[in-house]
Amino acid sequence: YWTKASIARLKKRGLKVIAIAGSYGKTSVKNYTYDLVRTKYRTVATPESFNTIFGIAKCLEYEVDLKTEVFIVEVGAYHIGDITHLLEMVQPDLGVITGMARQHLERFGSWENIQIAKSEIAVYMDQVQGKLVANGSDEAVVQNVEKLGVKPTWYSTSPLATLGASNRREINLSGARAVAQAMGVSDSQIKQAHVREPKN
């Protein structure tokens with residue numbers, strides 16, 4: 001349908017798509033990634049928590065144009081299969097998995113189902129031979145990705161970092177840096193980037 005066809009058309013002209021999934025950290029990683037990647041490319045990111053079909057389609061229609069080089073999309077899930085459905089629509093070149101947590105158990109029914117749903121991005125990126133960037137400081141992510149036999153670029157933070165909000169920020173920033181590097185942004189461009197703090 002329209003969104004999928006439109007993205008396919010833009011990808012033929014060179015558009016790269018980054019999709020970000022996970023139980024937590026999605027919006028922060030997306031915002032940091034946007035600030036880093038736009039130092040090199042004309043970049044559009046879905047606003048706030050626009051992570052459903054309608055939110056993504058609206059952003060695509062009003063903000064992405066022929067000059068856009070990178071489109072960063074946050075993908076949300078309420079059920080098993082939701083993430084796969086969104087990924088088939090946006091056709092990412094690079095996928096990110098930020099974390100798995102026992103949130104929204106009422107939607108998914110079980111912790112196992114949450115892990116299956118959040119792992120869909122790893123399965124998809126493997127199938128399309130795209131790149132996967134994954135949070136190596138989240139044990140559930142590590143276990144599930146390794147179980148699938150997928151080889152991602154892992155990110156985490158220094159083991160000496162203290163737990164708490166600043167550590168979460170460091171992990172999210174580390175994820176954004178890993179994505180930017182995978183997209184060909186140089187270390188000097190990353191260092192020069194003005195990274196804004198996401199609004200709570």
# chains A, B, ... in the order shown; residues from 1 in each chain; ligands from 1
$ residues_around --residues "region 117-123 of chain A" --least-positions-apart "3" --cutoff "10 Å" --atoms "only C-alpha atoms" --output "PyMOL selection string"
chain A and resi 19-23+75-87+92+94-101+108+111-114+126-134+140-141+144-146+148-152
$ select_by_dssp --residues "region 1-130 of chain A" --states "helix (DSSP H, G or I)" --output "ChimeraX atom specification"
/A:2-12,26-37,53-63,82-90,105-108,111-127
$ residues_around --residues "Thr3 (chain A)" --least-positions-apart "3" --cutoff "9 Å" --atoms "only C-alpha atoms" --output "number ranges by chain"
A: 6-8, 53, 56-57, 60-61, 89-90
$ write_last_selection --atoms "C-alpha atoms" --output "PDB file, in the first residue's frame"
ATOM      1  CA  SER A   6       6.476   5.330  -1.366  1.00  0.00           C
ATOM      2  CA  ILE A   7       9.441   4.086   0.694  1.00  0.00           C
ATOM      3  CA  ALA A   8      10.402   1.583  -2.028  1.00  0.00           C
ATOM      4  CA  ILE A  53       1.447   2.688  10.984  1.00  0.00           C
ATOM      5  CA  ILE A  56       4.962   6.703  10.429  1.00  0.00           C
ATOM      6  CA  ALA A  57       2.821   7.281   7.316  1.00  0.00           C
ATOM      7  CA  LEU A  60       6.607  10.124   5.619  1.00  0.00           C
ATOM      8  CA  GLU A  61       3.950  12.152   3.803  1.00  0.00           C
ATOM      9  CA  MET A  89       6.396  -1.475   5.445  1.00  0.00           C
ATOM     10  CA  VAL A  90       9.495   0.694   6.064  1.00  0.00           C
TER      11      VAL A  90
END
$ select_by_dssp --residues "region 7-177 of chain A" --states "strand (DSSP E or B)" --output "JSON, numbers by chain"
{"A": [16, 17, 18, 19, 20, 21, 43, 44, 45, 70, 71, 72, 73, 74, 94, 95, 96, 97, 131, 132, 133, 134, 135, 153, 154, 155]}
$ residues_around --residues "Leu36 (chain A)" --least-positions-apart "5" --cutoff "8 Å" --atoms "only C-alpha atoms" --output "list of chain:residue names"
A:Ala176, A:Arg177, A:Ala180, A:Val185, A:Gln189, A:Ile190, A:Ala193, A:His194, A:Val195
$ residues_around --residues "Leu66 (chain A)" --least-positions-apart "6" --cutoff "10 Å" --atoms "only C-alpha atoms" --output "PDB file with N, CA and C atoms, in the first residue's frame"
ATOM      1  N   ARG A   9      10.061   3.491  -3.500  1.00  0.00           N
ATOM      2  CA  ARG A   9      10.419   4.457  -4.541  1.00  0.00           C
ATOM      3  C   ARG A   9      11.590   5.332  -4.071  1.00  0.00           C
ATOM      4  N   LEU A  10      11.512   5.809  -2.833  1.00  0.00           N
ATOM      5  CA  LEU A  10      12.566   6.663  -2.281  1.00  0.00           C
ATOM      6  C   LEU A  10      13.871   5.880  -2.105  1.00  0.00           C
ATOM      7  N   LYS A  11      13.749   4.601  -1.752  1.00  0.00           N
ATOM      8  CA  LYS A  11      14.955   3.782  -1.566  1.00  0.00           C
ATOM      9  C   LYS A  11      15.684   3.570  -2.890  1.00  0.00           C
ATOM     10  N   ARG A  13      16.045   5.768  -4.990  1.00  0.00           N
ATOM     11  CA  ARG A  13      16.789   7.024  -5.192  1.00  0.00           C
ATOM     12  C   ARG A  13      17.877   7.194  -4.131  1.00  0.00           C
ATOM     13  N   GLY A  14      18.050   6.174  -3.275  1.00  0.00           N
ATOM     14  CA  GLY A  14      19.165   6.221  -2.323  1.00  0.00           C
ATOM     15  C   GLY A  14      18.811   6.420  -0.861  1.00  0.00           C
ATOM     16  N   LEU A  15      17.510   6.525  -0.540  1.00  0.00           N
ATOM     17  CA  LEU A  15      17.123   6.694   0.864  1.00  0.00           C
ATOM     18  C   LEU A  15      17.554   5.483   1.687  1.00  0.00           C
TER      19      LEU A  15
END
$ atom_distance --atom1 "CA of Lys40 (chain A)" --atom2 "CA of Val179 (chain A)"
12.9 Å
$ closest_residue --among "A:Met183, A:Tyr24, A:Val73, A:Ala45" --to "Gln103 (chain A)" --atoms "only C-alpha atoms"
A:Tyr24
